[in-house]
Amino acid sequence: QLQLVESGGGLVHPGGSLRLSCAASGSGLEYYAVGWFRQAPGKGREGVSCINTGGGRTIYADAVKGRFTISRDNGKNTVYLQMNSLKPEDTAVYHCARLKRNCDGDYSAGDIFGSWGQGTQVTVSS
């Protein structure tokens, strides 16, 4: 089964930037839409962004529009999430996952293949 591993998180000041990576254990990621999700302490997991197989369609949650950019490099079996102008409310564990559906406005944490990985912690604090 294709495994995804997240990396790139860390501690950053408000207004700072991070780039998260979602790397697949083998080939085949190019056949799936991929979503980024996050879960803050005491809250449910929410969708942040998704990207279709070819990279031509992307969706963003209202909370991150204009600040985050999702992209993919199918040659490297990796999906990225560039996060700029970070805010304290962006603090969460970020996960990526293959989607069972196309990247559209209705995707959710219930639409993924497999199980959640460890994720990568993003902390935005002064």
# chains A, B, ... in the order shown; residues from 1 in each chain; ligands from 1
>>> residues_around(residues="Asp106 (chain A)", least_positions_apart="2", cutoff="12 Å", atoms="only C-alpha atoms", output="PDB file with N, CA, C and O atoms, in the first residue's frame")
ATOM      1  N   GLY A  35      -4.956  15.464  -0.517  1.00  0.00           N
ATOM      2  CA  GLY A  35      -5.428  16.533   0.345  1.00  0.00           C
ATOM      3  C   GLY A  35      -4.497  16.750   1.525  1.00  0.00           C
ATOM      4  O   GLY A  35      -3.851  15.808   2.000  1.00  0.00           O
ATOM      5  N   GLU A  46      -9.646  19.064   9.953  1.00  0.00           N
ATOM      6  CA  GLU A  46     -10.281  19.854   8.900  1.00  0.00           C
ATOM      7  C   GLU A  46      -9.442  19.842   7.632  1.00  0.00           C
ATOM      8  O   GLU A  46      -8.217  19.742   7.670  1.00  0.00           O
ATOM      9  N   GLY A  47     -10.128  19.944   6.508  1.00  0.00           N
ATOM     10  CA  GLY A  47      -9.438  20.027   5.237  1.00  0.00           C
ATOM     11  C   GLY A  47      -8.814  21.387   5.047  1.00  0.00           C
ATOM     12  O   GLY A  47      -9.446  22.407   5.340  1.00  0.00           O
ATOM     13  N   SER A  49      -6.434  21.947   2.073  1.00  0.00           N
ATOM     14  CA  SER A  49      -6.271  22.145   0.640  1.00  0.00           C
ATOM     15  C   SER A  49      -6.220  20.795  -0.055  1.00  0.00           C
ATOM     16  O   SER A  49      -5.889  19.784   0.566  1.00  0.00           O
ATOM     17  N   CYS A  50      -6.552  20.779  -1.332  1.00  0.00           N
ATOM     18  CA  CYS A  50      -6.378  19.562  -2.112  1.00  0.00           C
ATOM     19  C   CYS A  50      -5.941  19.924  -3.520  1.00  0.00           C
ATOM     20  O   CYS A  50      -6.071  21.075  -3.959  1.00  0.00           O
ATOM     21  N   ILE A  59      -8.010  23.386  -4.377  1.00  0.00           N
ATOM     22  CA  ILE A  59      -9.059  23.902  -3.501  1.00  0.00           C
ATOM     23  C   ILE A  59      -8.411  24.326  -2.194  1.00  0.00           C
ATOM     24  O   ILE A  59      -7.486  23.644  -1.718  1.00  0.00           O
ATOM     25  N   TYR A  60      -8.875  25.446  -1.628  1.00  0.00           N
ATOM     26  CA  TYR A  60      -8.346  25.915  -0.355  1.00  0.00           C
ATOM     27  C   TYR A  60      -9.484  26.216   0.607  1.00  0.00           C
ATOM     28  O   TYR A  60     -10.527  26.742   0.207  1.00  0.00           O
ATOM     29  N   ALA A  61      -9.262  25.913   1.864  1.00  0.00           N
ATOM     30  CA  ALA A  61     -10.190  26.343   2.898  1.00  0.00           C
ATOM     31  C   ALA A  61     -10.155  27.870   2.977  1.00  0.00           C
ATOM     32  O   ALA A  61      -9.109  28.487   2.740  1.00  0.00           O
ATOM     33  N   LEU A  99      -6.894  10.986  -1.785  1.00  0.00           N
ATOM     34  CA  LEU A  99      -8.342  11.129  -1.734  1.00  0.00           C
ATOM     35  C   LEU A  99      -9.027  10.074  -2.589  1.00  0.00           C
ATOM     36  O   LEU A  99      -8.538   9.703  -3.660  1.00  0.00           O
ATOM     37  N   LYS A 100     -10.187   9.636  -2.103  1.00  0.00           N
ATOM     38  CA  LYS A 100     -11.001   8.681  -2.854  1.00  0.00           C
ATOM     39  C   LYS A 100     -11.853   9.372  -3.908  1.00  0.00           C
ATOM     40  O   LYS A 100     -12.564   8.713  -4.652  1.00  0.00           O
ATOM     41  N   ARG A 101     -11.781  10.667  -3.935  1.00  0.00           N
ATOM     42  CA  ARG A 101     -12.590  11.431  -4.877  1.00  0.00           C
ATOM     43  C   ARG A 101     -11.715  12.474  -5.535  1.00  0.00           C
ATOM     44  O   ARG A 101     -10.562  12.671  -5.152  1.00  0.00           O
ATOM     45  N   ASN A 102     -12.276  13.144  -6.504  1.00  0.00           N
ATOM     46  CA  ASN A 102     -11.536  14.255  -7.100  1.00  0.00           C
ATOM     47  C   ASN A 102     -11.386  15.382  -6.094  1.00  0.00           C
ATOM     48  O   ASN A 102     -12.116  15.459  -5.107  1.00  0.00           O
ATOM     49  N   CYS A 103     -10.436  16.231  -6.353  1.00  0.00           N
ATOM     50  CA  CYS A 103     -10.284  17.430  -5.531  1.00  0.00           C
ATOM     51  C   CYS A 103     -11.417  18.386  -5.890  1.00  0.00           C
ATOM     52  O   CYS A 103     -11.416  18.999  -6.955  1.00  0.00           O
ATOM     53  N   ASP A 104     -12.389  18.474  -5.012  1.00  0.00           N
ATOM     54  CA  ASP A 104     -13.499  19.386  -5.241  1.00  0.00           C
ATOM     55  C   ASP A 104     -13.919  19.962  -3.897  1.00  0.00           C
ATOM     56  O   ASP A 104     -13.336  19.645  -2.861  1.00  0.00           O
ATOM     57  N   SER A 108     -13.451  15.707   2.240  1.00  0.00           N
ATOM     58  CA  SER A 108     -13.363  15.794   3.690  1.00  0.00           C
ATOM     59  C   SER A 108     -12.426  14.710   4.200  1.00  0.00           C
ATOM     60  O   SER A 108     -11.950  13.873   3.426  1.00  0.00           O
ATOM     61  N   ALA A 109     -12.198  14.721   5.509  1.00  0.00           N
ATOM     62  CA  ALA A 109     -11.317  13.740   6.126  1.00  0.00           C
ATOM     63  C   ALA A 109     -11.864  12.323   6.004  1.00  0.00           C
ATOM     64  O   ALA A 109     -11.135  11.360   6.219  1.00  0.00           O
ATOM     65  N   GLY A 110     -13.129  12.180   5.645  1.00  0.00           N
ATOM     66  CA  GLY A 110     -13.698  10.850   5.461  1.00  0.00           C
ATOM     67  C   GLY A 110     -13.475  10.270   4.090  1.00  0.00           C
ATOM     68  O   GLY A 110     -13.870   9.133   3.810  1.00  0.00           O
ATOM     69  N   ASP A 111     -12.819  11.017   3.224  1.00  0.00           N
ATOM     70  CA  ASP A 111     -12.643  10.628   1.827  1.00  0.00           C
ATOM     71  C   ASP A 111     -11.233  10.178   1.503  1.00  0.00           C
ATOM     72  O   ASP A 111     -10.768  10.367   0.386  1.00  0.00           O
TER      73      ASP A 111
END
>>> select_by_dssp(residues="chain A", states="strand (DSSP E)", output="MDAnalysis selection string")
chainID A and resid 4:7 10:12 18:24 34:39 45:51 58:60 68:73 78:83 92:98 120:124
>>> write_last_selection(atoms="C-alpha atoms", output="mmCIF file, in the first residue's frame")
data_model
loop_
_atom_site.group_PDB
_atom_site.id
_atom_site.type_symbol
_atom_site.label_atom_id
_atom_site.label_comp_id
_atom_site.auth_asym_id
_atom_site.auth_seq_id
_atom_site.Cartn_x
_atom_site.Cartn_y
_atom_site.Cartn_z
ATOM 1 C CA LEU A 4 2.664 8.983 2.656
ATOM 2 C CA VAL A 5 5.097 10.701 5.010
ATOM 3 C CA GLU A 6 4.756 14.334 6.019
ATOM 4 C CA SER A 7 7.682 16.582 6.888
ATOM 5 C CA GLY A 10 8.364 23.389 12.957
ATOM 6 C CA LEU A 11 8.123 26.431 15.174
ATOM 7 C CA VAL A 12 7.741 29.750 13.401
ATOM 8 C CA LEU A 18 7.046 26.945 6.125
ATOM 9 C CA ARG A 19 6.911 24.433 3.302
ATOM 10 C CA LEU A 20 5.458 21.046 4.098
ATOM 11 C CA SER A 21 6.228 17.972 2.030
ATOM 12 C CA CYS A 22 4.164 14.836 1.540
ATOM 13 C CA ALA A 23 6.340 12.100 0.088
ATOM 14 C CA ALA A 24 5.072 8.766 -1.176
ATOM 15 C CA VAL A 34 -4.154 14.514 -2.572
ATOM 16 C CA GLY A 35 -5.428 16.533 0.345
ATOM 17 C CA TRP A 36 -3.766 18.320 3.231
ATOM 18 C CA PHE A 37 -5.615 18.288 6.536
ATOM 19 C CA ARG A 38 -4.882 19.675 9.975
ATOM 20 C CA GLN A 39 -5.948 19.017 13.514
ATOM 21 C CA ARG A 45 -9.546 17.347 11.645
ATOM 22 C CA GLU A 46 -10.281 19.854 8.900
ATOM 23 C CA GLY A 47 -9.438 20.027 5.237
ATOM 24 C CA VAL A 48 -6.864 22.663 4.340
ATOM 25 C CA SER A 49 -6.271 22.145 0.640
ATOM 26 C CA CYS A 50 -6.378 19.562 -2.112
ATOM 27 C CA ILE A 51 -4.923 19.108 -5.563
ATOM 28 C CA THR A 58 -6.695 23.155 -6.356
ATOM 29 C CA ILE A 59 -9.059 23.902 -3.501
ATOM 30 C CA TYR A 60 -8.346 25.915 -0.355
ATOM 31 C CA PHE A 68 -1.162 28.739 1.368
ATOM 32 C CA THR A 69 -0.260 27.164 -1.966
ATOM 33 C CA ILE A 70 -0.488 23.473 -2.758
ATOM 34 C CA SER A 71 1.556 21.933 -5.543
ATOM 35 C CA ARG A 72 2.844 18.567 -6.644
ATOM 36 C CA ASP A 73 5.828 17.077 -8.412
ATOM 37 C CA THR A 78 5.657 14.463 -3.611
ATOM 38 C CA VAL A 79 2.991 17.022 -2.803
ATOM 39 C CA TYR A 80 3.890 20.325 -1.151
ATOM 40 C CA LEU A 81 2.092 22.903 0.933
ATOM 41 C CA GLN A 82 3.723 26.314 0.970
ATOM 42 C CA MET A 83 2.443 28.251 3.963
ATOM 43 C CA ALA A 92 -1.897 22.133 14.295
ATOM 44 C CA VAL A 93 -0.650 18.737 13.234
ATOM 45 C CA TYR A 94 -0.763 18.629 9.442
ATOM 46 C CA HIS A 95 -1.473 15.431 7.545
ATOM 47 C CA CYS A 96 -1.648 14.554 3.880
ATOM 48 C CA ALA A 97 -3.647 11.736 2.339
ATOM 49 C CA ARG A 98 -4.744 10.293 -0.968
ATOM 50 C CA THR A 120 4.024 17.070 11.011
ATOM 51 C CA GLN A 121 3.610 19.610 13.794
ATOM 52 C CA VAL A 122 3.305 23.277 12.882
ATOM 53 C CA THR A 123 3.482 25.747 15.745
ATOM 54 C CA VAL A 124 3.062 29.464 15.153
#
>>> closest_residue(among="A:Ser126, A:Asn74, A:Asn84, A:Ser115", to="Gly55 (chain A)", atoms="only C-alpha atoms")
A:Asn74
